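Undergrad: Quick one: the structure is below, questions incoming.
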Amino acid sequence: MNSSPTPPFRADHVGSLLRPPELLRAREEHGQGRIGAEALRQIEDEAIRRAAQMQHQAGLQGVTDGEYRRGSWHMDFLYQIGGVEKTDRLLRIQFRNEGGPVEAALGAFRIGGKLALERTIFGEDFAFLKSVAPPGTAAKLTIPSPSMLHYRGGRAVIDPTAYPEMEGFWDDLAEVYRTEIAGLHALGCTYLQLDDTSLAYLNDPAQRAYVTSIGGDGDKQHLTNIRLINRALAGKPAGMTVTTHMCRGNFRSSWVAEGGYDHVAEALFGELAVDGFFLEYDDARSGGFAPLRFVPKGKRVVLGLVTSKRPALESKDELKRRIDEAARYVPLDQLCLSPQCGFSSTVDGNALTEAEQFAKLRLVVETAREVWG
């Protein structure tokens, strides 16, 4: 029961990393018109090269580009789908943490035409990551799940002349993702993660009410999203591992939703056609491990027991105790360990330092070695 040769790995991570100061400065200078796109990309390249080495040195088998080229974990991708139009409106989302409310203002969009994929999104970015991934590591790409295009506005942002019926929207969205996945596979991608906050958010009654308010069915939206993702994964290339990551919000060490996985668990674990589940489990907001009883044989669960929101290191003994507790519901051989979310889902980042971030990643690796060998 030792380190896994294929992903998800015994010690893994969600993907985003704190942006280094020189990259933040470069992004600001580019926004002010003081440096061009080529100069910014060169600085991004160097930062990604360094990040890949640091992940490898921490002992991780899967390395990402830290999402360094993005401002947001999902919007930079969604804006590149044909038919999606950026608007001047801001989408204001209320997060909260122990200190109180925190507001995030995200760029909004509308779907003004038929969805299409003109080129592989993040294709050049992935090719660069693959070229600098240290020997013996897997280059992992993270992209938003297809359900996120609906969750950020629902029927209200979809032009009825483009899609008079929602079924056409779901069909075209699934086709966009099938084409994207095929394009990434052609570039050598063998480890892909679909980030999906909706499947965790929908455990919160307040979020189910929100979905109903934008023209969906909050109580059943997870079933629609599961079917959508499965259609997107139809014909998944052989040799490609696809996982999903679910969290309840991650912005400047804050969150949006609360609640265990009970509402979605049976359908999620029993029907979603992914190879593994990255699950947020860093505190009481995520509920208990009992929903894991629905995980079938052959699927892996990556327990997000190490928080990315706070700098204090968790106790190895406590992590091992919680892994043992989870193993009451799903065999230990199907379990892995990771931080609960990324460290910087947006360019803002969470409230910890780069040194504290990598201490968390080393803790994940060391604990996994002691548990699984």
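In the structure tokens, chains take letters A, B, ... by order of appearance, with residues numbered from 1 within each chain and ligands from 1 in the order shown.
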With only C-alpha atoms as the counted atoms, please give the residues lying no more than 7 Å from Leu106 (chain A), apart from itself and same-chain residues fewer than 4 positions off, as a PDB file with all heavy atoms, in the first residue's frame.
TA:
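Everything below was put into result09.pdb:
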ATOM      1  N   LEU A  90     -20.265  43.659 -12.502  1.00  0.00           N
ATOM      2  CA  LEU A  90     -19.499  42.889 -11.528  1.00  0.00           C
ATOM      3  C   LEU A  90     -20.434  41.945 -10.771  1.00  0.00           C
ATOM      4  O   LEU A  90     -21.544  42.321 -10.392  1.00  0.00           O
ATOM      5  CB  LEU A  90     -18.795  43.804 -10.534  1.00  0.00           C
ATOM      6  CG  LEU A  90     -17.593  44.593 -11.063  1.00  0.00           C
ATOM      7  CD1 LEU A  90     -17.033  45.482  -9.974  1.00  0.00           C
ATOM      8  CD2 LEU A  90     -16.505  43.660 -11.586  1.00  0.00           C
ATOM      9  N   LEU A  91     -19.964  40.739 -10.587  1.00  0.00           N
ATOM     10  CA  LEU A  91     -20.699  39.755  -9.813  1.00  0.00           C
ATOM     11  C   LEU A  91     -20.137  39.785  -8.392  1.00  0.00           C
ATOM     12  O   LEU A  91     -18.979  39.433  -8.165  1.00  0.00           O
ATOM     13  CB  LEU A  91     -20.512  38.372 -10.437  1.00  0.00           C
ATOM     14  CG  LEU A  91     -21.323  37.221  -9.866  1.00  0.00           C
ATOM     15  CD1 LEU A  91     -22.808  37.460 -10.088  1.00  0.00           C
ATOM     16  CD2 LEU A  91     -20.895  35.906 -10.520  1.00  0.00           C
ATOM     17  N   ARG A  92     -20.940  40.232  -7.465  1.00  0.00           N
ATOM     18  CA  ARG A  92     -20.470  40.376  -6.078  1.00  0.00           C
ATOM     19  C   ARG A  92     -20.886  39.158  -5.266  1.00  0.00           C
ATOM     20  O   ARG A  92     -22.077  38.844  -5.163  1.00  0.00           O
ATOM     21  CB  ARG A  92     -21.019  41.662  -5.465  1.00  0.00           C
ATOM     22  CG  ARG A  92     -20.545  42.904  -6.225  1.00  0.00           C
ATOM     23  CD  ARG A  92     -20.877  44.201  -5.523  1.00  0.00           C
ATOM     24  NE  ARG A  92     -20.428  45.337  -6.309  1.00  0.00           N
ATOM     25  CZ  ARG A  92     -19.180  45.802  -6.304  1.00  0.00           C
ATOM     26  NH1 ARG A  92     -18.278  45.223  -5.533  1.00  0.00           N
ATOM     27  NH2 ARG A  92     -18.848  46.838  -7.065  1.00  0.00           N
TER      28      ARG A  92
END
Undergrad: Within 8 Å of Ala273 (chain A), counting only C-alpha atoms, which residues qualify if same-chain residues fewer than 5 places away don't, as a PyMOL selection string?
TA: chain A and resi 229-230+233
Undergrad: With distances taken over only C-alpha atoms, which of A:Glu271, A:Asp262, A:Asp219, A:Asp195 is nearest to Thr244 (chain A)?
TA: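 Among the listed residues, the smallest separation from Thr244 (chain A) belongs to A:Asp195.
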Undergrad: With only C-alpha atoms as the atoms that count, which of A:Gln61, A:Ser308, A:Thr190, A:Ser4 lies nearest to Thr243 (chain A)?
TA: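 Between A:Gln61, A:Ser308, A:Thr190, A:Ser4, the residue approaching Thr243 (chain A) most closely is A:Thr190.
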Undergrad: Please provide the set of residues having any atom within 7 Å of Ser344 (chain A), restricted to only C-alpha atoms, with same-chain residues fewer than 4 positions apart removed, written as number ranges by chain.
TA: A: 16-18, 348-350
Undergrad: Just the selected residues (all heavy atoms), exported as a PDB file, in the first residue's frame, please.
TA:
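Saved file again_12.pdb follows:
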ATOM      1  N   SER A  16      -3.669  25.475  -7.153  1.00  0.00           N
ATOM      2  CA  SER A  16      -3.235  26.873  -7.163  1.00  0.00           C
ATOM      3  C   SER A  16      -2.224  27.137  -6.040  1.00  0.00           C
ATOM      4  O   SER A  16      -2.300  26.555  -4.960  1.00  0.00           O
ATOM      5  CB  SER A  16      -4.422  27.818  -7.023  1.00  0.00           C
ATOM      6  OG  SER A  16      -5.007  27.740  -5.740  1.00  0.00           O
ATOM      7  N   LEU A  17      -1.277  28.013  -6.325  1.00  0.00           N
ATOM      8  CA  LEU A  17      -0.235  28.387  -5.375  1.00  0.00           C
ATOM      9  C   LEU A  17      -0.190  29.908  -5.248  1.00  0.00           C
ATOM     10  O   LEU A  17      -0.579  30.635  -6.159  1.00  0.00           O
ATOM     11  CB  LEU A  17       1.128  27.880  -5.849  1.00  0.00           C
ATOM     12  CG  LEU A  17       1.282  26.363  -6.014  1.00  0.00           C
ATOM     13  CD1 LEU A  17       2.601  26.030  -6.704  1.00  0.00           C
ATOM     14  CD2 LEU A  17       1.179  25.648  -4.672  1.00  0.00           C
ATOM     15  N   LEU A  18       0.290  30.366  -4.106  1.00  0.00           N
ATOM     16  CA  LEU A  18       0.455  31.801  -3.895  1.00  0.00           C
ATOM     17  C   LEU A  18       1.351  32.393  -4.977  1.00  0.00           C
ATOM     18  O   LEU A  18       2.400  31.828  -5.303  1.00  0.00           O
ATOM     19  CB  LEU A  18       1.074  32.057  -2.525  1.00  0.00           C
ATOM     20  CG  LEU A  18       0.239  31.639  -1.301  1.00  0.00           C
ATOM     21  CD1 LEU A  18       1.091  31.698  -0.045  1.00  0.00           C
ATOM     22  CD2 LEU A  18      -0.993  32.522  -1.165  1.00  0.00           C
ATOM     23  N   ASP A 348      -5.434  37.063  -5.497  1.00  0.00           N
ATOM     24  CA  ASP A 348      -5.294  37.643  -4.155  1.00  0.00           C
ATOM     25  C   ASP A 348      -4.552  36.734  -3.186  1.00  0.00           C
ATOM     26  O   ASP A 348      -3.732  37.189  -2.387  1.00  0.00           O
ATOM     27  CB  ASP A 348      -6.680  37.960  -3.583  1.00  0.00           C
ATOM     28  CG  ASP A 348      -7.507  38.796  -4.526  1.00  0.00           C
ATOM     29  OD1 ASP A 348      -8.157  38.223  -5.421  1.00  0.00           O
ATOM     30  OD2 ASP A 348      -7.499  40.028  -4.385  1.00  0.00           O
ATOM     31  N   GLY A 349      -4.861  35.441  -3.199  1.00  0.00           N
ATOM     32  CA  GLY A 349      -4.189  34.491  -2.318  1.00  0.00           C
ATOM     33  C   GLY A 349      -4.746  34.467  -0.910  1.00  0.00           C
ATOM     34  O   GLY A 349      -5.433  35.389  -0.465  1.00  0.00           O
ATOM     35  N   ASN A 350      -4.453  33.379  -0.217  1.00  0.00           N
ATOM     36  CA  ASN A 350      -4.872  33.221   1.165  1.00  0.00           C
ATOM     37  C   ASN A 350      -3.839  33.821   2.122  1.00  0.00           C
ATOM     38  O   ASN A 350      -2.727  34.180   1.722  1.00  0.00           O
ATOM     39  CB  ASN A 350      -5.114  31.746   1.485  1.00  0.00           C
ATOM     40  CG  ASN A 350      -6.403  31.231   0.863  1.00  0.00           C
ATOM     41  OD1 ASN A 350      -7.267  32.003   0.462  1.00  0.00           O
ATOM     42  ND2 ASN A 350      -6.536  29.916   0.790  1.00  0.00           N
TER      43      ASN A 350
END
Undergrad: Would you pick out the contacts of region 164-168 of chain A at 12 Å or less, using only C-alpha atoms, so that residues sharing its chain but fewer than 2 positions from it are not included, and give the list as a ChimeraX atom specification?
TA: /A:112-115,150,154-162,170-175,215-216,224,227-228
Undergrad: Write a file of the just-selected residues containing N, CA, C and O atoms, as an mmCIF file, in the first residue's frame.
TA:
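And here is the file that came out, part_36.cif:
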data_model
loop_
_atom_site.group_PDB
_atom_site.id
_atom_site.type_symbol
_atom_site.label_atom_id
_atom_site.label_comp_id
_atom_site.auth_asym_id
_atom_site.auth_seq_id
_atom_site.Cartn_x
_atom_site.Cartn_y
_atom_site.Cartn_z
ATOM 1 N N GLY A 112 -24.165 34.901 -25.196
ATOM 2 C CA GLY A 112 -24.887 35.606 -26.241
ATOM 3 C C GLY A 112 -24.992 34.852 -27.542
ATOM 4 O O GLY A 112 -25.669 35.300 -28.475
ATOM 5 N N GLY A 113 -24.310 33.731 -27.659
ATOM 6 C CA GLY A 113 -24.345 32.944 -28.891
ATOM 7 C C GLY A 113 -24.122 31.486 -28.588
ATOM 8 O O GLY A 113 -23.949 31.083 -27.431
ATOM 9 N N LYS A 114 -24.114 30.683 -29.637
ATOM 10 C CA LYS A 114 -23.901 29.253 -29.475
ATOM 11 C C LYS A 114 -22.498 28.984 -28.915
ATOM 12 O O LYS A 114 -21.510 29.600 -29.341
ATOM 13 N N LEU A 115 -22.427 28.063 -27.964
ATOM 14 C CA LEU A 115 -21.147 27.712 -27.373
ATOM 15 C C LEU A 115 -20.299 26.940 -28.382
ATOM 16 O O LEU A 115 -20.800 26.078 -29.108
ATOM 17 N N HIS A 150 -22.868 27.408 -15.836
ATOM 18 C CA HIS A 150 -24.274 27.621 -15.486
ATOM 19 C C HIS A 150 -24.405 28.241 -14.104
ATOM 20 O O HIS A 150 -25.252 29.109 -13.881
ATOM 21 N N GLY A 154 -26.956 31.125 -14.325
ATOM 22 C CA GLY A 154 -28.115 30.336 -14.702
ATOM 23 C C GLY A 154 -28.802 30.808 -15.970
ATOM 24 O O GLY A 154 -28.209 31.465 -16.837
ATOM 25 N N ARG A 155 -30.067 30.487 -16.067
ATOM 26 C CA ARG A 155 -30.875 30.807 -17.235
ATOM 27 C C ARG A 155 -30.862 32.305 -17.541
ATOM 28 O O ARG A 155 -30.922 32.717 -18.706
ATOM 29 N N ALA A 156 -30.728 33.130 -16.492
ATOM 30 C CA ALA A 156 -30.821 34.587 -16.663
ATOM 31 C C ALA A 156 -29.719 35.156 -17.541
ATOM 32 O O ALA A 156 -29.901 36.215 -18.153
ATOM 33 N N VAL A 157 -28.545 34.501 -17.626
ATOM 34 C CA VAL A 157 -27.450 35.043 -18.434
ATOM 35 C C VAL A 157 -27.341 34.362 -19.796
ATOM 36 O O VAL A 157 -26.412 34.637 -20.542
ATOM 37 N N ILE A 158 -28.277 33.495 -20.115
ATOM 38 C CA ILE A 158 -28.258 32.774 -21.387
ATOM 39 C C ILE A 158 -29.271 33.413 -22.334
ATOM 40 O O ILE A 158 -30.469 33.454 -22.044
ATOM 41 N N ASP A 159 -28.798 33.928 -23.453
ATOM 42 C CA ASP A 159 -29.673 34.583 -24.418
ATOM 43 C C ASP A 159 -30.689 33.570 -24.955
ATOM 44 O O ASP A 159 -30.300 32.543 -25.537
ATOM 45 N N PRO A 160 -31.979 33.851 -24.802
ATOM 46 C CA PRO A 160 -32.988 32.887 -25.250
ATOM 47 C C PRO A 160 -33.032 32.703 -26.758
ATOM 48 O O PRO A 160 -33.542 31.697 -27.244
ATOM 49 N N THR A 161 -32.474 33.663 -27.512
ATOM 50 C CA THR A 161 -32.435 33.453 -28.958
ATOM 51 C C THR A 161 -31.344 32.451 -29.339
ATOM 52 O O THR A 161 -31.447 31.772 -30.363
ATOM 53 N N ALA A 162 -30.283 32.375 -28.519
ATOM 54 C CA ALA A 162 -29.231 31.380 -28.749
ATOM 55 C C ALA A 162 -29.682 30.010 -28.272
ATOM 56 O O ALA A 162 -29.447 28.994 -28.939
ATOM 57 N N TRP A 170 -27.021 22.501 -22.704
ATOM 58 C CA TRP A 170 -26.275 21.398 -22.082
ATOM 59 C C TRP A 170 -25.537 20.587 -23.151
ATOM 60 O O TRP A 170 -24.384 20.176 -22.948
ATOM 61 N N ASP A 171 -26.190 20.336 -24.293
ATOM 62 C CA ASP A 171 -25.553 19.567 -25.372
ATOM 63 C C ASP A 171 -24.277 20.243 -25.844
ATOM 64 O O ASP A 171 -23.228 19.602 -25.971
ATOM 65 N N ASP A 172 -24.377 21.540 -26.132
ATOM 66 C CA ASP A 172 -23.222 22.257 -26.679
ATOM 67 C C ASP A 172 -22.111 22.396 -25.642
ATOM 68 O O ASP A 172 -20.919 22.331 -25.974
ATOM 69 N N LEU A 173 -22.479 22.610 -24.377
ATOM 70 C CA LEU A 173 -21.473 22.738 -23.326
ATOM 71 C C LEU A 173 -20.710 21.433 -23.152
ATOM 72 O O LEU A 173 -19.479 21.431 -23.019
ATOM 73 N N ALA A 174 -21.410 20.313 -23.171
ATOM 74 C CA ALA A 174 -20.732 19.018 -23.070
ATOM 75 C C ALA A 174 -19.794 18.801 -24.250
ATOM 76 O O ALA A 174 -18.671 18.297 -24.089
ATOM 77 N N GLU A 175 -20.223 19.206 -25.444
ATOM 78 C CA GLU A 175 -19.386 19.037 -26.635
ATOM 79 C C GLU A 175 -18.135 19.904 -26.554
ATOM 80 O O GLU A 175 -17.037 19.471 -26.956
ATOM 81 N N GLY A 215 -33.390 30.199 -11.860
ATOM 82 C CA GLY A 215 -34.090 29.429 -12.876
ATOM 83 C C GLY A 215 -33.828 27.950 -12.888
ATOM 84 O O GLY A 215 -34.276 27.245 -13.792
ATOM 85 N N GLY A 216 -33.117 27.437 -11.876
ATOM 86 C CA GLY A 216 -32.863 26.009 -11.789
ATOM 87 C C GLY A 216 -33.739 25.350 -10.752
ATOM 88 O O GLY A 216 -34.688 25.953 -10.236
ATOM 89 N N THR A 224 -28.417 17.237 -12.460
ATOM 90 C CA THR A 224 -28.172 17.834 -13.781
ATOM 91 C C THR A 224 -26.679 18.011 -14.020
ATOM 92 O O THR A 224 -26.158 17.700 -15.101
ATOM 93 N N ARG A 227 -24.905 14.666 -14.684
ATOM 94 C CA ARG A 227 -25.159 14.205 -16.057
ATOM 95 C C ARG A 227 -24.341 15.007 -17.055
ATOM 96 O O ARG A 227 -23.785 14.447 -18.021
ATOM 97 N N LEU A 228 -24.248 16.321 -16.839
ATOM 98 C CA LEU A 228 -23.462 17.180 -17.730
ATOM 99 C C LEU A 228 -21.993 16.757 -17.744
ATOM 100 O O LEU A 228 -21.389 16.598 -18.813
#
